[in-house]
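Novice: Here it is, the structure in full.
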Amino acid sequence: MNRADRLRLFLRRQRAGIRFCALFALFTVLGFAIIYAAQNVLVVPLNRHLAWMTEKSLRLVGAHASSSGPAVALSGFAVEIRNNCNAIYEVGLYEAAVWAYPASLRDRLIGTLVGAGVLYVVNFVRILTLLALGVLQPSWFEATHLYVWQVLFLLVAATCWIGWVSRIRPVA
């Protein structure tokens, strides 16, 4: 068997994986293009909403928090919720993986909604913990924000996808 035949055989055997990767790349590019195009309609209001929700949640537990647009402040420490702080790209990656995977429309819709909800809640916890850390240990804020939470959040997104795939395709 020559190299061309081996390559064709390999590609035929890996068709499902190649299809998934191609669709994942396509859906990721499309999703990010939509996010980019919808900055003022989707992303800016989401950032303001997250700041407002953070303020209201902190006030519920008696903290003296305030928000203005996408910024939220607690005890003299403030953060501004921006594109990489709102989980929209992680949700986009997760949803691209869900829609690239061979599943029914119903399973994809449920996976999209449940996964986006989980990622929204985890991101909300992320914002709260970063604010608390900024107040209590400001020197740890930057490293925790840029490295610890980024890795944790991507692990949560991957875990959500693996959990969804495991639910729709249980191992025999």
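In the structure tokens, each chain is lettered A, B, ... as it comes, each chain's residues begin at 1, and ligands are numbered from 1 in order of appearance.
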Please identify all polymer residues within 12 Å of Tyr120 in chain A, counting only C-alpha atoms, omitting same-chain residues fewer than 5 positions from it, and present them as a PyMOL selection string.

Specialist: chain A and resi 46-47+49-50+53+85-92+94+112-115+125-127+153+156-157

Novice: CA of Val72 in chain A and CA of Ala51 in chain A are how many Å apart?

Specialist: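 Rounded to one decimal, the two atoms are 5.4 Å apart.
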
Novice: Using only C-alpha atoms for the distances, tell me which of A:Leu7, A:Leu23, A:Ile162, A:Ala73 is nearest to Arg59 in chain A.

Specialist: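 Smallest separation from Arg59 in chain A among the options: A:Ala73.
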
Novice: I'd like to know which of A:Gly69, A:Asn84, A:Leu119, A:Gly76 is closest to Leu146 in chain A, using only C-alpha atoms.

Specialist: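 The closest residue to Leu146 in chain A is A:Asn84.
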
Novice: Applying 10 Å and only C-alpha atoms, which residues near Ile168 in chain A remain after dropping the ones on its own chain fewer than 4 positions away? List them as a ChimeraX atom specification.

Specialist: /A:102-104,107-108,111,163-164

Novice: Just write the chosen residues, all heavy atoms, as an mmCIF file, in the first residue's frame.

Specialist:
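That gives us out.cif:
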```cif
data_model
loop_
_atom_site.group_PDB
_atom_site.id
_atom_site.type_symbol
_atom_site.label_atom_id
_atom_site.label_comp_id
_atom_site.auth_asym_id
_atom_site.auth_seq_id
_atom_site.Cartn_x
_atom_site.Cartn_y
_atom_site.Cartn_z
ATOM 1 N N PRO A 102 -22.339 15.555 16.185
ATOM 2 C CA PRO A 102 -23.538 14.944 15.595
ATOM 3 C C PRO A 102 -24.553 14.584 16.685
ATOM 4 O O PRO A 102 -24.345 13.674 17.481
ATOM 5 C CB PRO A 102 -23.003 13.691 14.898
ATOM 6 C CG PRO A 102 -21.724 13.375 15.599
ATOM 7 C CD PRO A 102 -21.170 14.696 16.083
ATOM 8 N N ALA A 103 -25.631 15.336 16.737
ATOM 9 C CA ALA A 103 -26.684 15.120 17.734
ATOM 10 C C ALA A 103 -27.990 15.648 17.148
ATOM 11 O O ALA A 103 -27.995 16.375 16.153
ATOM 12 C CB ALA A 103 -26.350 15.860 19.031
ATOM 13 N N SER A 104 -29.070 15.304 17.798
ATOM 14 C CA SER A 104 -30.371 15.787 17.337
ATOM 15 C C SER A 104 -30.503 17.279 17.616
ATOM 16 O O SER A 104 -29.799 17.837 18.474
ATOM 17 C CB SER A 104 -31.495 15.027 18.044
ATOM 18 O OG SER A 104 -31.558 15.403 19.414
ATOM 19 N N ASP A 107 -31.335 17.801 21.288
ATOM 20 C CA ASP A 107 -30.166 17.679 22.166
ATOM 21 C C ASP A 107 -29.250 18.893 22.047
ATOM 22 O O ASP A 107 -28.698 19.367 23.042
ATOM 23 C CB ASP A 107 -29.383 16.405 21.856
ATOM 24 C CG ASP A 107 -30.052 15.151 22.385
ATOM 25 O OD1 ASP A 107 -30.862 15.259 23.330
ATOM 26 O OD2 ASP A 107 -29.771 14.062 21.849
ATOM 27 N N ARG A 108 -29.090 19.404 20.837
ATOM 28 C CA ARG A 108 -28.242 20.583 20.645
ATOM 29 C C ARG A 108 -28.844 21.804 21.321
ATOM 30 O O ARG A 108 -28.132 22.594 21.939
ATOM 31 C CB ARG A 108 -28.032 20.852 19.164
ATOM 32 C CG ARG A 108 -27.108 19.858 18.507
ATOM 33 C CD ARG A 108 -26.998 20.124 17.040
ATOM 34 N NE ARG A 108 -26.048 19.216 16.429
ATOM 35 C CZ ARG A 108 -25.919 19.052 15.139
ATOM 36 N NH1 ARG A 108 -26.678 19.737 14.297
ATOM 37 N NH2 ARG A 108 -25.035 18.215 14.659
ATOM 38 N N GLY A 111 -28.489 21.342 25.066
ATOM 39 C CA GLY A 111 -27.077 21.517 25.406
ATOM 40 C C GLY A 111 -26.648 22.968 25.347
ATOM 41 O O GLY A 111 -25.904 23.446 26.209
ATOM 42 N N GLY A 163 -19.650 16.644 29.555
ATOM 43 C CA GLY A 163 -20.859 16.185 30.243
ATOM 44 C C GLY A 163 -22.044 16.079 29.302
ATOM 45 O O GLY A 163 -22.817 15.118 29.358
ATOM 46 N N TRP A 164 -22.194 17.043 28.408
ATOM 47 C CA TRP A 164 -23.292 17.014 27.448
ATOM 48 C C TRP A 164 -23.132 15.837 26.488
ATOM 49 O O TRP A 164 -24.080 15.101 26.244
ATOM 50 C CB TRP A 164 -23.338 18.341 26.673
ATOM 51 C CG TRP A 164 -24.318 18.332 25.550
ATOM 52 C CD1 TRP A 164 -25.682 18.439 25.665
ATOM 53 C CD2 TRP A 164 -24.029 18.183 24.172
ATOM 54 N NE1 TRP A 164 -26.247 18.372 24.421
ATOM 55 C CE2 TRP A 164 -25.255 18.217 23.481
ATOM 56 C CE3 TRP A 164 -22.857 18.023 23.438
ATOM 57 C CZ2 TRP A 164 -25.340 18.111 22.099
ATOM 58 C CZ3 TRP A 164 -22.932 17.922 22.068
ATOM 59 C CH2 TRP A 164 -24.157 17.952 21.398
#
```

Novice: Determine which residues of range 45-82 of chain A receive a DSSP assignment of strand (DSSP E or B), computed from the backbone, and state them as a list in words.

Specialist: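 Here are the strand (DSSP E or B) residues of range 45-82 of chain A: Ala65, Ser66, Ser67, Ser68, Ala71, Val72, Ala73, Leu74, Phe77, Ala78, Val79 and Glu80 of chain A.
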
Novice: Could you please take those selected residues and save C-alpha atoms as a CSV table (one decimal), in the first residue's frame?

Specialist:
```
chain,number,residue,atom,x,y,z
A,65,ALA,CA,-21.5,48.0,46.2
A,66,SER,CA,-22.2,50.3,43.3
A,67,SER,CA,-22.3,49.9,39.6
A,68,SER,CA,-22.1,52.3,36.6
A,71,ALA,CA,-18.1,48.9,36.1
A,72,VAL,CA,-18.8,47.6,39.6
A,73,ALA,CA,-17.2,48.8,42.8
A,74,LEU,CA,-16.9,47.3,46.3
A,77,PHE,CA,-12.0,48.4,44.6
A,78,ALA,CA,-13.6,48.5,41.2
A,79,VAL,CA,-13.6,46.3,38.1
A,80,GLU,CA,-14.9,46.9,34.6
```

Novice: If I take CA of Phe20 in chain A and CA of Trp99 in chain A, how far is one from the other in Å, to one decimal?

Specialist: 9.2 Å

Novice: Between A:Phe124, A:Ser75, A:Ala100, A:Leu130, single out the one closest to Ala16 in chain A, counting only C-alpha atoms.

Specialist: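 Looking only at the distances to Ala16 in chain A, the closest residue turns out to be A:Ala100.
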
Novice: Mind listing the alpha helix (DSSP H) residues of range 57-154 of chain A, per DSSP on the backbone, as number ranges by chain?

Specialist: A: 57-60, 88-100, 105-136, 138-143, 149-154

Novice: Quick one: distance from CA of Pro70 in chain A to CA of Trp52 in chain A in Å, one decimal?

Specialist: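 Going from CA of Pro70 in chain A over to CA of Trp52 in chain A, I get 7.9 Å.
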